[in-house]
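Colleague: Pasting in a structure now, in structure tokens, and then I'll have a few things to ask.
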Amino acid sequence: KRRRLKQMIDGLSKRISKLQSQLDALEGQRQRHQAILSPVRRIPMEILGEIFALVLPDVLYSGDRRMLRNLGLVCKSWQNASLLARHLWSGLQLIRPPKTGAYGRIVSWLTKSGALPKTLQFD
């Protein structure tokens with residue numbers, strides 16, 4: 001029985017050692033990624049919003065709208081930057097007439113642009 005317990009302890013010790021090695025490797029990766037991302041975290045939100053504007057058209061169709069929403073899902077800072085860049089929310093392009101329930105979403109989208117002039121295109 002004693003021998004069996006020693007084998008179990010040895011097995012668990014090896015497993016702990018292996019898991020600790022994996023943890024150390026993951027921690028190293030995390031630190032490398034954090035070092036890469038640190039400069040991005042220091043970019044002012046206004047500049048980040050302008051970068052977003054450079055990759056998106058002035059009037060957004062549905063795929064562009066999805067991309068803008070996804071940018072805001074990256075992290076809280078990116079969400080704040082996208083909302084701060086009000087001009088990103090000032091235009092929409094609709095391919096077909098919106099369904100009745102979509103009017104509220106259209107108004108909500110355009111409201112995020114504040115007092116800026118709005119553009120609504122129908123194709």
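Going by the structure tokens order, chains are called A, B, ..., each with residues numbered from 1, while ligands are numbered from 1 in the order shown.
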Quick one: everything within 9 Å of Asp123 (chain A), counting only C-alpha atoms, minus sequence neighbours fewer than 5 positions away in the same chain. Send it as a PyMOL selection string.

Modeller: chain A and resi 93-97

Colleague: Pick out the residues sitting within 12 Å of Arg66 (chain A), and hand them over as a list of chain:residue names; count only C-alpha atoms, and ignore anything fewer than 5 positions along from it in its own chain.

Modeller: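 Non-adjacent residues within range: A:Leu56, A:Leu60, A:Tyr61, A:Leu71, A:Gly72, A:Leu73, A:Leu92, A:Trp109.
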
Colleague: For the residues in the current selection, export C-alpha atoms as a compact mmCIF listing (two decimals), in the first residue's frame.

Modeller:
# COMPACT_ATOMS: atom_id res chain seq x y z
CA LEU A 56 -14.62 52.36 -43.09
CA LEU A 60 -21.99 52.29 -44.17
CA TYR A 61 -23.84 49.37 -45.71
CA LEU A 71 -14.54 47.00 -33.51
CA GLY A 72 -16.46 48.09 -30.43
CA LEU A 73 -16.47 44.52 -29.15
CA LEU A 92 -26.32 54.51 -43.55
CA TRP A 109 -27.65 54.24 -35.03

Colleague: Which one is closest to Pro57 (chain A): A:Ser108, A:Ser13, A:Asn80, A:Ser90? Count only C-alpha atoms.

Modeller: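 Checking each candidate against Pro57 (chain A), we get A:Ser90 as the closest.
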
Colleague: From a DSSP calculation on the backbone, collect every residue of chain A in alpha helix (DSSP H) and output the set as a ChimeraX atom specification.

Modeller: /A:2-41,45-55,62-74,76-84,102-111
